[in-house]
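Step one of this worksheet: look at the structure below.
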2 protein chains.
Amino acid sequence: MATMHDVARLAQVSVSTVSYVLTGTRPISQATRNKVLAAMAQLDYQPNAMARGLASRRSRILGLLMPMDERGLGATETAFVTGAAAAASVAGYHLVLSPVGGGNLDDLRRLASQRMLDGVVLMEVQLADERVTVLQEAGVPLVLIGRTGDTSTLSYVDIDFDQTVREAVAHLVSLGHRRIVYVNHSAATLASGYGPALRTRDAFTAAMTGHGLEPVMIAAEDSAAGGRAALAAAFAQAPELTAVLAMNETAIFGILGELTGRGLSVPDDVSVVSMVTSPQVAELATPALTAMTSPGSALGRIAIEALTRHLDGPADLRHQQLLPCTLEIRGSTAAPRRHQPVGADQ
Amino acid sequence: MATMHDVARLAQVSVSTVSYVLTGTRPISQATRNKVLAAMAQLDYQPNAMARGLASRRSRILGLLMPMDERGLGATETAFVTGAAAAASVAGYHLVLSPVGGGNLDDLRRLASQRMLDGVVLMEVQLADERVTVLQEAGVPLVLIGRTGDTSTLSYVDIDFDQTVREAVAHLVSLGHRRIVYVNHSAATLASGYGPALRTRDAFTAAMTGHGLEPVMIAAEDSAAGGRAALAAAFAQAPELTAVLAMNETAIFGILGELTGRGLSVPDDVSVVSMVTSPQVAELATPALTAMTSPGSALGRIAIEALTRHLDGPADLRHQQLLPCTLEIRGSTAAPRRHQPVGADQ
DNA sequence: CCGCTTCGTCGAAACGCTTCGACGAAGTTC
DNA sequence: GAACTTCGTCGAAGCGTTTCGACGAAGCGG
């Protein structure tokens, strides 16, 4: 494996000149540059990443920190990852995937102090997330996917849950639905401070109230069975419901199954909108689900772009951006079969 | 940030002694070791990964090379990734996610020559895969998930498609099915030399022939529509079919939809087995799919373990292992409604 | 044409670690 | 007790870059 010395010798210049050609840190005459470039090509030279990292104190490696507590990633999280990987590659960075659970803060501290990561994207951020503190103390540049409770000082990208819920509700209301039930994540998830669950809850209340409707909400365990149970609970609480808005990607197939089991047809009897869902999953259902499609890979990409801009550029600006999910109308929503007269829900 | 020099000074020993304490390369007396350890703790010392990598010529970084041609990863591929990430973390390695498509072999060459990766796990291996050659030439230790055509010299982990298909067919046959159709990936995918498609095709032929049955196979595009079309083709070719074995995870929901559309019930009229499927996806269908569950995260884990063993251990053995998918019986298979007399299919 | 900046290049000192050879001090062997 | 080992430690030489100060050679204003 050729080193810079070899290149310098062959091109008959000093090592530093070769370095300047490579990094562009100082002006080099065209003639010299060509000599060096030729020598590099001839020797098939590739700079040694470790040496470069040591000398320059920048590894050109970014970390993607994802908790692995739960069993596997959903389609949305996977999209974060692939989007981030692609963007990092484009920006000339490497992306290391670090499964650091919420528990092992020490591992995180160690990782941050190793000076291997130029910066970090943090996934699945909780409203109060200690990992943020640890990383900030270690002085590692940081971008969140998701938000903490106090968003003032940090860079983040997140889904615009407010806007997303508003659009979903507007879609259903415009079809004529008045009695809409929101199926959220489980009570335990809510209690743990899971941002999306909390924000959509509030957004749903606001959106429904805005339309002069009563917000009905049910918590569902993250499973098909949870979905079935939630739907039963929903009917108990609001027998005349005509539409379900579901945040819980895992539960939604249980909801559909239970609906069919009760002899109700989708969308004729009950309309269903799935929130923060990937098209792939939405297409799996029969009928295909009208869904708020999450901007998954865009989130990953934008997070990485914000991070690299921060690292490469001189400006130290923080980047805060919300992306709404986009409404994709498929077969699971329609006007309610029997039009509910306005006010019938009280 | 404290360096080794700081530790050495505080502990009143030489730098090399500190290094030996850290790496265990040479014997160090207990007294000295304790002094050093105390100094490290007091200074909150973390070794600098880049410096260590440069000096030792081992980065403790592994690469996971996944092509990103297609739109996103399926649940099975995602499981590879998370399994690999977790295993790498356990083994004390970092895992970088490199989206190197089939096209940019130069990128791969560059990556391999940067000496940043101690070893590499290659996903989505084709029967004839140039990436393998490139990596071998660069001298990068390599483990495949999947297999090339010539398996003699390489380390790999793969699904045991033979065994998987055999079990799936045996399950259906034991229920009384005689007329079984295999829905494979698209003709284009077959032609491109996609191993799983080719191996399952052959395995299906063998398994059916072994039972004295005629193997009927259909290629389906990777989409719900592709599944619908495939099922139509299947009925054209074998009107009396009572069971479908589907390799194509994407197409299977189309198959189910088309079945329902034709007024056929699953599993009463037609049984469906999904091959190489994750439980999450299998649970999404109604009824939940009987499936051959892919050992996704185990594959990722084992690949990484084989790689790290090769790197850390002295033995230079190659690791070749096949894992079968496991049959998980859910609601989509049953005995055919009208028992087919033996030999009815000729 | 003299002092000034700018340009292009060089040599050398880091960067923070590993590893090799060396070398006393002890312990062993006859 | 002389001749060897073994043990524990040290100093120094890398590992392959980047980066800083320096320094001739031009280019330029006055």
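Residue numbering restarts at 1 in every chain; chains get A, B, ... in the order shown in the structure tokens, and ligands count up from 1 in that same order.
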
Residues of chain A within 12 Å of chain C, only C-alpha atoms (C1' of nucleotides) counted, as JSON, numbers by chain = {"A": [8, 12, 13, 14, 15, 16, 17, 18, 19, 20, 21, 26, 27, 28, 29, 30, 31, 32, 33, 50, 51, 52, 53, 54, 55, 56, 57, 58, 114, 115]}

If we count only C-alpha atoms (C1' of nucleotides), what is near region 169-185 of chain B at a cut-off of 6 Å, once residues fewer than 2 positions away on the same chain are taken out, given as a ChimeraX atom specification?
-> /B:166-167,216-220,241-248,335

Which of these residues is nearest to chain B, using only C-alpha atoms (C1' of nucleotides): D:DC10, D:DA26, D:DC20, D:DT5?
-> D:DC10

If you run DSSP on the backbone, which residues of region 41-95 of chain A are strand (DSSP E), as a ChimeraX atom specification?
-> /A:61-65,94-95

Show which residues sit within 8 Å of region 130-135 of chain A, as a list of chain:residue names. Count only C-alpha atoms (C1' of nucleotides), and ignore same-chain residues fewer than 5 positions away.
->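 My reading of the contact set: A:Gly102, A:Leu105, A:Leu108, A:Arg109, A:Ala112, A:Val140, A:Pro141, A:Leu142.
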
Please dump the current selection as a short mmCIF file (atom, residue, chain, number, x, y, z; two decimals), in the first residue's frame; keep N, CA and C atoms.
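Result file selection-v3.cif:
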```
data_model
loop_
_atom_site.label_atom_id
_atom_site.label_comp_id
_atom_site.auth_asym_id
_atom_site.auth_seq_id
_atom_site.Cartn_x
_atom_site.Cartn_y
_atom_site.Cartn_z
N GLY A 102 -31.12 3.05 25.90
CA GLY A 102 -31.30 4.14 26.85
C GLY A 102 -30.51 3.91 28.12
N LEU A 105 -25.66 4.52 29.46
CA LEU A 105 -25.13 5.86 29.25
C LEU A 105 -23.61 5.87 29.29
N LEU A 108 -22.20 5.16 26.01
CA LEU A 108 -22.33 6.35 25.17
C LEU A 108 -21.22 7.34 25.47
N ARG A 109 -20.96 7.52 26.75
CA ARG A 109 -19.90 8.43 27.17
C ARG A 109 -18.56 7.96 26.60
N ALA A 112 -18.40 8.59 22.92
CA ALA A 112 -18.23 10.00 22.62
C ALA A 112 -16.81 10.46 22.90
N VAL A 140 -19.79 16.68 21.47
CA VAL A 140 -20.01 16.08 20.16
C VAL A 140 -21.16 16.80 19.45
N PRO A 141 -20.90 17.32 18.26
CA PRO A 141 -21.98 17.94 17.49
C PRO A 141 -23.13 16.97 17.30
N LEU A 142 -24.31 17.49 17.33
CA LEU A 142 -25.48 16.65 17.55
C LEU A 142 -26.68 17.13 16.73
#
```

Could you work out how far CA of Gln126 (chain B) lies from CA of Ala88 (chain B), giving the answer in Å with one decimal?
-> 24.2 Å

Give me, as number ranges by chain, the contact residues of chain D against chain A at a cut-off of 12 Å, counting only C-alpha atoms (C1' of nucleotides).
-> D: 15-20

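In terms of minimum interatomic distance to chain B, A:Leu95 ranks closest within A:Ala230, A:Val81, A:Leu95, A:Ala306, counting only C-alpha atoms.
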
Using CA of Val90 (chain A) and CA of Met40 (chain A) as the two end points, give the distance in Å to one decimal.
->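 Calculated distance between CA of Val90 (chain A) and CA of Met40 (chain A) is 23.0 Å.
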